[in-house]
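Have a look at run23.txt below; it lists compact mmCIF, C-alpha atoms.
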# COMPACT_ATOMS: atom_id res chain seq x y z
CA MET A 1 7.41 27.41 20.16
CA LYS A 2 4.35 27.83 18.01
CA THR A 3 1.10 29.23 19.42
CA GLU A 4 -2.19 27.59 18.50
CA LEU A 5 -4.14 29.54 15.92
CA THR A 6 -7.81 30.39 16.08
CA ARG A 7 -10.36 27.61 15.67
CA ASN A 8 -11.51 29.06 12.36
CA PHE A 9 -9.27 26.91 10.20
CA SER A 10 -9.75 24.39 7.44
CA GLU A 11 -8.12 21.00 8.00
CA VAL A 12 -5.87 19.88 5.16
CA THR A 13 -6.75 16.71 3.25
CA GLU A 14 -3.56 16.59 1.19
CA PHE A 15 0.00 17.85 1.23
CA ILE A 16 2.21 19.23 -1.51
CA LEU A 17 5.76 17.85 -1.48
CA LEU A 18 7.97 20.71 -2.66
CA GLY A 19 10.97 18.41 -3.04
CA PHE A 20 14.06 19.88 -4.69
CA ARG A 21 13.15 23.32 -6.01
CA THR A 22 15.39 23.78 -9.05
CA LEU A 23 15.13 24.71 -12.72
CA PRO A 24 12.95 22.40 -14.88
CA GLU A 25 16.05 21.16 -16.73
CA LEU A 26 17.64 20.10 -13.45
CA GLN A 27 14.44 18.30 -12.41
CA ILE A 28 14.90 15.95 -15.36
CA LEU A 29 18.54 15.39 -14.40
CA LEU A 30 17.56 14.68 -10.78
CA PHE A 31 14.87 12.27 -12.01
CA LEU A 32 17.48 10.32 -14.00
CA VAL A 33 19.94 10.28 -11.07
CA PHE A 34 17.29 9.11 -8.59
CA LEU A 35 16.00 6.53 -11.08
CA LEU A 36 19.51 5.12 -11.55
CA ILE A 37 20.03 4.95 -7.78
CA TYR A 38 16.70 3.19 -7.26
CA ILE A 39 17.42 0.66 -10.03
CA LEU A 40 20.79 -0.09 -8.38
CA ILE A 41 19.02 -0.50 -5.03
CA LEU A 42 16.59 -3.01 -6.52
CA MET A 43 19.27 -4.94 -8.39
CA GLY A 44 21.77 -4.98 -5.54
CA ASN A 45 19.46 -5.93 -2.69
CA ILE A 46 17.33 -8.42 -4.63
CA SER A 47 20.54 -10.08 -5.89
CA MET A 48 21.90 -10.25 -2.33
CA ILE A 49 18.66 -11.84 -1.07
CA ILE A 50 18.64 -14.44 -3.86
CA VAL A 51 22.35 -15.29 -3.56
CA ILE A 52 22.10 -15.83 0.21
CA LYS A 53 18.89 -17.84 -0.17
CA VAL A 54 20.17 -20.28 -2.81
CA ASP A 55 23.83 -20.77 -1.79
CA SER A 56 24.24 -23.53 0.80
CA ARG A 57 27.52 -22.03 2.10
CA LEU A 58 25.72 -18.87 3.17
CA GLN A 59 23.19 -20.54 5.46
CA THR A 60 24.70 -19.07 8.64
CA PRO A 61 23.38 -16.51 11.16
CA MET A 62 25.56 -13.72 9.73
CA TYR A 63 24.08 -14.11 6.26
CA PHE A 64 20.57 -14.60 7.66
CA PHE A 65 20.88 -11.14 9.21
CA LEU A 66 22.44 -9.75 6.04
CA ARG A 67 19.49 -11.04 4.01
CA ASN A 68 17.11 -9.28 6.38
CA LEU A 69 19.20 -6.11 6.11
CA SER A 70 18.77 -6.21 2.33
CA CYS A 71 15.02 -6.70 2.79
CA LEU A 72 14.83 -3.62 5.03
CA ASP A 73 16.92 -1.53 2.62
CA LEU A 74 14.63 -2.59 -0.19
CA CYS A 75 11.48 -1.82 1.81
CA TYR A 76 12.23 1.65 3.14
CA SER A 77 13.77 2.89 -0.12
CA THR A 78 10.66 1.64 -1.96
CA VAL A 79 8.45 3.56 0.48
CA ILE A 80 10.21 6.76 -0.65
CA ALA A 81 11.63 6.41 -4.18
CA PRO A 82 8.58 5.73 -6.43
CA LYS A 83 6.63 8.76 -5.14
CA THR A 84 9.74 10.95 -5.36
CA LEU A 85 10.35 9.88 -8.96
CA ALA A 86 6.71 10.56 -9.87
CA ASN A 87 6.90 14.04 -8.33
CA PHE A 88 9.93 14.96 -10.45
CA MET A 89 7.74 14.53 -13.54
CA SER A 90 4.63 16.19 -12.10
CA ASN A 91 3.64 19.80 -11.48
CA GLU A 92 1.15 19.03 -8.70
CA ARG A 93 3.29 16.84 -6.38
CA LYS A 94 0.34 16.08 -4.15
CA ILE A 95 0.02 13.32 -1.57
CA THR A 96 -3.17 12.67 0.39
CA TYR A 97 -3.22 12.99 4.17
CA ASN A 98 -3.72 9.25 4.68
CA CYS A 99 -1.02 8.31 2.15
CA CYS A 100 1.37 10.73 3.86
CA ALA A 101 0.67 9.10 7.23
CA ALA A 102 1.13 5.62 5.73
CA GLN A 103 4.38 6.61 4.01
CA PHE A 104 5.83 7.96 7.23
CA PHE A 105 4.63 5.00 9.31
CA PHE A 106 6.30 2.37 7.13
CA PHE A 107 9.41 4.49 6.68
CA ALA A 108 9.81 4.89 10.47
CA LEU A 109 9.14 1.17 10.98
CA PHE A 110 11.79 -0.03 8.52
CA VAL A 111 14.46 2.53 9.46
CA THR A 112 14.07 1.83 13.20
CA ALA A 113 14.14 -1.92 12.57
CA GLU A 114 17.38 -1.46 10.64
CA CYS A 115 18.97 0.38 13.58
CA PHE A 116 18.26 -2.56 15.87
CA LEU A 117 19.22 -5.12 13.24
CA LEU A 118 22.65 -3.50 12.85
CA ALA A 119 23.11 -3.82 16.62
CA VAL A 120 22.05 -7.49 16.38
CA MET A 121 24.63 -8.04 13.62
CA ALA A 122 27.34 -6.57 15.86
CA PHE A 123 26.30 -8.97 18.64
CA ASP A 124 26.47 -11.82 16.13
CA ARG A 125 30.08 -10.94 15.28
CA PHE A 126 30.86 -10.64 19.01
CA SER A 127 29.46 -14.12 19.67
CA ALA A 128 31.28 -15.65 16.69
CA ILE A 129 34.69 -14.15 17.53
CA CYS A 130 34.68 -14.00 21.33
CA SER A 131 32.74 -17.20 22.08
CA PRO A 132 33.20 -19.47 19.04
CA LEU A 133 32.47 -22.70 20.95
CA LEU A 134 29.15 -21.37 22.26
CA TYR A 135 28.26 -19.59 19.01
CA PRO A 136 25.92 -22.33 17.70
CA ILE A 137 23.96 -22.10 20.96
CA HIS A 138 23.97 -18.30 21.25
CA MET A 139 22.93 -17.91 17.61
CA SER A 140 20.62 -20.85 16.97
CA GLN A 141 17.97 -20.48 14.30
CA LYS A 142 15.32 -19.85 16.93
CA VAL A 143 17.40 -17.09 18.54
CA CYS A 144 18.10 -15.46 15.16
CA VAL A 145 14.42 -15.37 14.26
CA ARG A 146 13.57 -13.87 17.66
CA LEU A 147 16.23 -11.17 17.29
CA VAL A 148 14.96 -10.17 13.84
CA THR A 149 11.36 -10.24 15.07
CA GLY A 150 12.37 -8.06 18.02
CA SER A 151 13.90 -5.53 15.63
CA TYR A 152 10.62 -5.30 13.74
CA ILE A 153 8.64 -4.99 16.98
CA CYS A 154 10.86 -2.10 18.12
CA GLY A 155 10.39 -0.50 14.71
CA SER A 156 6.61 -0.89 14.96
CA ILE A 157 6.49 0.69 18.43
CA ASN A 158 8.49 3.73 17.31
CA ALA A 159 6.44 4.05 14.11
CA ILE A 160 3.13 3.92 16.02
CA VAL A 161 4.27 6.52 18.58
CA GLN A 162 5.84 8.92 16.05
CA THR A 163 2.95 8.63 13.58
CA GLY A 164 0.35 9.03 16.32
CA PHE A 165 1.97 12.14 17.78
CA THR A 166 2.74 13.73 14.40
CA PHE A 167 -0.64 13.21 12.76
CA SER A 168 -2.55 14.32 15.84
CA LEU A 169 -1.20 17.81 15.11
CA ARG A 170 -3.42 20.39 13.47
CA PHE A 171 -2.54 21.42 9.94
CA CYS A 172 -4.33 24.55 8.79
CA GLU A 173 -4.22 26.23 5.39
CA GLU A 174 -0.48 25.67 4.93
CA ASN A 175 -0.01 22.25 3.33
CA ARG A 176 3.32 22.64 1.52
CA LEU A 177 5.99 20.28 2.88
CA ASP A 178 9.52 21.47 2.20
CA HIS A 179 10.74 17.91 1.66
CA PHE A 180 10.60 15.11 -0.90
CA PHE A 181 8.71 12.72 1.40
CA CYS A 182 6.54 12.89 4.53
CA ASP A 183 8.93 13.22 7.45
CA VAL A 184 8.45 14.50 10.99
CA PRO A 185 10.60 17.67 10.87
CA ALA A 186 8.85 18.95 7.73
CA LEU A 187 5.38 18.14 9.13
CA ILE A 188 6.14 19.82 12.46
CA GLU A 189 7.33 22.89 10.59
CA ILE A 190 3.94 23.54 8.92
CA SER A 191 1.70 22.65 11.86
CA CYS A 192 -0.41 25.46 13.27
CA ALA A 193 -0.46 23.89 16.75
CA ASP A 194 1.99 23.89 19.64
CA THR A 195 4.68 21.38 18.57
CA PHE A 196 6.88 21.49 21.68
CA VAL A 197 5.79 18.03 22.90
CA ASN A 198 6.23 16.56 19.42
CA GLU A 199 9.75 17.93 19.13
CA ILE A 200 10.62 16.46 22.54
CA VAL A 201 9.14 13.07 21.60
CA LEU A 202 11.05 13.07 18.30
CA PHE A 203 14.32 13.92 20.02
CA VAL A 204 13.91 11.52 22.97
CA PHE A 205 12.85 8.51 20.90
CA SER A 206 15.43 9.12 18.17
CA ALA A 207 18.23 9.73 20.66
CA PHE A 208 17.31 6.62 22.65
CA ILE A 209 17.20 4.41 19.55
CA VAL A 210 20.45 5.73 18.09
CA LEU A 211 22.39 5.88 21.36
CA SER A 212 21.22 2.52 22.76
CA THR A 213 22.01 0.64 19.55
CA THR A 214 25.28 2.55 19.11
CA VAL A 215 26.38 1.64 22.65
CA ALA A 216 25.53 -2.02 21.97
CA ILE A 217 27.61 -1.92 18.78
CA LEU A 218 30.56 -0.17 20.47
CA ILE A 219 30.59 -2.62 23.38
CA SER A 220 30.48 -5.57 20.96
CA TYR A 221 33.39 -4.22 18.96
CA ALA A 222 35.37 -3.34 22.08
CA TYR A 223 35.26 -7.02 23.09
CA ILE A 224 36.00 -8.06 19.50
CA LEU A 225 39.04 -5.77 19.35
CA SER A 226 40.31 -7.10 22.68
CA THR A 227 39.95 -10.70 21.45
CA VAL A 228 41.51 -10.04 18.05
CA LEU A 229 44.59 -8.38 19.55
CA LYS A 230 45.26 -11.59 21.48
CA ILE A 231 45.52 -13.61 18.25
CA PRO A 232 49.24 -14.29 17.74
CA SER A 233 49.38 -14.40 13.93
CA THR A 234 48.97 -11.31 11.75
CA GLN A 235 47.08 -13.37 9.17
CA GLY A 236 44.61 -14.53 11.80
CA ARG A 237 44.02 -10.95 13.00
CA ASN A 238 43.50 -9.67 9.46
CA LYS A 239 41.06 -12.48 8.63
CA THR A 240 39.02 -11.78 11.76
CA PHE A 241 38.98 -8.02 11.15
CA SER A 242 37.88 -8.56 7.55
CA THR A 243 34.65 -10.23 8.72
CA CYS A 244 33.77 -7.05 10.64
CA GLY A 245 34.97 -4.41 8.16
CA SER A 246 31.82 -4.42 6.02
CA HIS A 247 29.54 -4.09 9.03
CA ILE A 248 31.57 -1.19 10.46
CA ALA A 249 31.38 0.65 7.12
CA VAL A 250 27.59 0.17 6.89
CA VAL A 251 27.05 1.22 10.52
CA SER A 252 29.15 4.38 10.11
CA LEU A 253 27.30 5.44 6.96
CA PHE A 254 23.81 4.73 8.29
CA TYR A 255 24.14 5.98 11.87
CA GLY A 256 26.06 9.10 10.89
CA THR A 257 23.28 10.40 8.65
CA VAL A 258 20.41 9.32 10.94
CA PHE A 259 22.03 11.00 13.97
CA PHE A 260 22.48 14.33 12.21
CA MET A 261 18.91 14.14 10.92
CA TYR A 262 16.95 13.24 14.06
CA ALA A 263 18.99 12.72 17.23
CA GLN A 264 20.31 16.22 17.77
CA PRO A 265 18.56 19.37 19.02
CA GLY A 266 17.47 21.75 16.27
CA ALA A 267 16.88 18.99 13.73
CA MET A 268 14.16 21.14 12.10
CA SER A 269 16.38 24.19 11.58
CA SER A 270 17.58 23.65 8.00
CA PRO A 271 15.15 22.08 5.48
CA GLN A 272 17.71 22.13 2.65
CA LYS A 273 20.34 20.37 4.77
CA ASN A 274 17.73 17.86 5.95
CA LYS A 275 16.81 16.98 2.36
CA ILE A 276 20.44 16.33 1.40
CA ILE A 277 21.05 14.19 4.49
CA SER A 278 17.77 12.33 3.86
CA VAL A 279 18.92 11.36 0.35
CA PHE A 280 21.93 9.63 1.87
CA TYR A 281 20.11 7.37 4.33
CA THR A 282 16.96 6.78 2.26
CA LEU A 283 18.63 6.04 -1.09
CA VAL A 284 22.45 6.19 -1.10
CA THR A 285 22.95 3.87 1.89
CA PRO A 286 20.59 1.12 0.57
CA MET A 287 22.44 1.36 -2.75
CA LEU A 288 25.89 1.05 -1.19
CA ASN A 289 25.18 -1.70 1.36
CA PRO A 290 25.10 -4.61 -1.15
CA LEU A 291 28.26 -3.26 -2.81
CA ILE A 292 30.07 -2.99 0.52
CA TYR A 293 29.16 -6.53 1.56
CA SER A 294 29.78 -8.11 -1.84
CA LEU A 295 33.10 -6.39 -2.56
CA ARG A 296 34.57 -7.02 0.90
CA ASN A 297 33.24 -10.55 1.43
CA LYS A 298 34.94 -13.52 -0.21
CA ASP A 299 32.02 -15.89 0.45
CA VAL A 300 29.50 -13.56 -1.22
CA LYS A 301 31.82 -12.96 -4.18
CA ALA A 302 32.28 -16.72 -4.59
CA ALA A 303 28.51 -17.28 -4.41
CA VAL A 304 27.85 -14.57 -7.02
CA LYS A 305 30.53 -16.03 -9.30
CA LYS A 306 29.03 -19.51 -8.93
CA MET A 307 25.54 -18.22 -9.76
CA CYS A 308 26.81 -16.32 -12.81
CA GLU A 309 28.53 -19.49 -14.07
CA LYS A 310 25.27 -21.42 -13.79
CA LEU A 311 23.48 -18.74 -15.79
Go ahead and express the file in the form of structure tokens.
Amino acid sequence: MKTELTRNFSEVTEFILLGFRTLPELQILLFLVFLLIYILILMGNISMIIVIKVDSRLQTPMYFFLRNLSCLDLCYSTVIAPKTLANFMSNERKITYNCCAAQFFFFALFVTAECFLLAVMAFDRFSAICSPLLYPIHMSQKVCVRLVTGSYICGSINAIVQTGFTFSLRFCEENRLDHFFCDVPALIEISCADTFVNEIVLFVFSAFIVLSTTVAILISYAYILSTVLKIPSTQGRNKTFSTCGSHIAVVSLFYGTVFFMYAQPGAMSSPQKNKIISVFYTLVTPMLNPLIYSLRNKDVKAAVKKMCEKL
């Protein structure tokens, strides 16, 4: 636990993002790698949004949620990537206090919303497979909009609480963040105030979000598995499982990295490990999601093929 320093301190007005401290030659290589990843994120997610929007066969609840997932991936990666790319080519790597707070707020909002949206998508598959006759009622357009709106509301609540607690801390002369973006563990690390309450809030909120949505996903898939095993034909079982495979892959990738980053005690212990894990859920996951859904989904592949033929 940190003890509060004397009142004779100067409040910081900007932070320095240390990022990945390597040789200058490697900085250029990292810039090119991150740039390629971000370009793939933009191309993949924007393409997914357009394909789902224009293809009449994809106007179903599942693809409505998938389109929103692509929007979230696009948003929270864009909150991080441009500033990170600029810092690779800069010696100063500064970010103002207010910009740092704004970056973290929107990042927390979009990431939290994605957690709840993934749980909503699992419930959608549960409704479609376990209650197909009632599916149009359970997942009407009005219900779908409310579920997505609820995900954003939950994201906003978490973002407001985390941002409020984190940026109410005192930051004295030390303003160097050992990270490539403004994140809670790095900010707590350089605070000159008692951060015990902040660490508890971070752990409790993160654990609640991850565990509650994970339990919802596991329960949904437990019922799905029970229903699928009752299908007599192997072809029918395989077809049903294939509609869930992409979602399971995305959930595993996203939740695995987020859990190890925030929802375990001692999340602030290793800055280098945190940076590597952060790359996966801020950039690698948004890059892979469109690939996972397009490569494993016949409807999306058919829609992409149809659009390419028109072009």
Mind dumping a table of every region 161-196 of chain A residue within 9 Å of region 79-88 of chain A, with the nearest atom pair and its distance in Å to one decimal, using only C-alpha atoms, sorted by chain and rising number, as JSON lines?
{"residue": "A:Phe180", "atom": "CA", "partner": "A:Thr84", "partner_atom": "CA", "distance": 6.2}
{"residue": "A:Phe181", "atom": "CA", "partner": "A:Ile80", "partner_atom": "CA", "distance": 6.5}
{"residue": "A:Cys182", "atom": "CA", "partner": "A:Ile80", "partner_atom": "CA", "distance": 8.8}
Pairwise distance for CA of Val228 (chain A) and CA of Arg125 (chain A), rounded to one decimal in Å: 11.8 Å
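We find CA of Glu309 (chain A) and CA of Ser47 (chain A) to be spaced 14.8 Å apart.
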Using all atoms listed in the file: which of A:Lys275, A:Lys142, A:His247, A:Lys298 has the shortest distance to Val120 (chain A): A:His247
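In this model, the gap between CA of Ser278 (chain A) and CA of Val51 (chain A) comes to 29.0 Å.
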Contact residues around Arg176 (chain A) with all atoms listed in the file at 9 Å, ignoring same-chain residues under 5 positions, as a list of chain:residue names: A:Phe15, A:Ile16, A:Leu17, A:Leu18, A:Ile190
Which residues of region 55-154 of chain A come within 12 Å of region 304-308 of chain A, and for each one, what is the closest pair of atoms and their distance in Å to one decimal, counting only C-alpha atoms, sorted by chain and residue number, as CSV?
residue,atom,partner,partner_atom,distance
A:Asp55,CA,A:Met307,CA,8.5
A:Ser56,CA,A:Lys306,CA,11.6
A:Arg57,CA,A:Lys306,CA,11.4
A:Leu58,CA,A:Val304,CA,11.3
At a cut-off of 12 Å, can you tabulate as a tab-separated table every residue of region 45-83 of chain A near region 112-117 of chain A together with its closest atom pair and the distance in Å to one decimal, using only C-alpha atoms and ordering rows by chain then number?
residue	atom	partner	partner_atom	distance
A:Met62	CA	A:Leu117	CA	11.2
A:Phe64	CA	A:Leu117	CA	11.1
A:Phe65	CA	A:Leu117	CA	7.4
A:Leu66	CA	A:Leu117	CA	9.1
A:Arg67	CA	A:Leu117	CA	11.0
A:Asn68	CA	A:Leu117	CA	8.3
A:Leu69	CA	A:Glu114	CA	6.7
A:Ser70	CA	A:Glu114	CA	9.7
A:Cys71	CA	A:Glu114	CA	9.7
A:Leu72	CA	A:Glu114	CA	6.5
A:Asp73	CA	A:Glu114	CA	8.0
A:Leu74	CA	A:Glu114	CA	11.2
A:Cys75	CA	A:Glu114	CA	10.6
A:Tyr76	CA	A:Glu114	CA	9.6
Contacts of region 152-159 of chain A at 10 Å (only C-alpha atoms; same-chain gap of 4+ positions) as number ranges by chain: A: 72, 104-117, 146-148, 163-165, 202, 205-206, 209
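The shortest atom-to-atom distance to Asn175 (chain A), with all atoms listed in the file taken into account, belongs to A:Thr13 out of A:Asn274, A:Ser220, A:Thr60, A:Thr13.
Distance annotation: of A:Asn98, A:Ser127, A:Thr285, A:Ser294, the residue with the minimal separation from Phe254 (chain A) is A:Thr285; atom set is only C-alpha atoms.
Candidate residues A:Asn45, A:Ser77, A:Thr282, A:Thr149 were compared for distance to Leu253 (chain A), and the nearest is A:Thr282, using only C-alpha atoms.
Closest approach to Phe126 (chain A) from the set A:Ser233, A:Thr22, A:Ser246, A:Ser226 is made by A:Ser226, with distances taken over all atoms listed in the file.
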I'd like the neighbourhood of Val12 (chain A) as a short mmCIF file (atom, residue, chain, number, x, y, z; two decimals) with C-alpha atoms, in the frame of the given file, where a residue qualifies if any of its atoms comes within 10 Å (using all atoms listed in the file), though same-chain residues fewer than 6 positions away should be ignored.
data_model
loop_
_atom_site.label_atom_id
_atom_site.label_comp_id
_atom_site.auth_asym_id
_atom_site.auth_seq_id
_atom_site.Cartn_x
_atom_site.Cartn_y
_atom_site.Cartn_z
CA THR A 96 -3.17 12.67 0.39
CA TYR A 97 -3.22 12.99 4.17
CA ARG A 170 -3.42 20.39 13.47
CA PHE A 171 -2.54 21.42 9.94
CA CYS A 172 -4.33 24.55 8.79
CA GLU A 173 -4.22 26.23 5.39
CA GLU A 174 -0.48 25.67 4.93
CA ASN A 175 -0.01 22.25 3.33
#
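Distances here use all atoms listed in the file; by that measure, the residue among A:Pro271, A:Ala119, A:His138, A:Phe259 closest to Ser212 (chain A) is A:Ala119.
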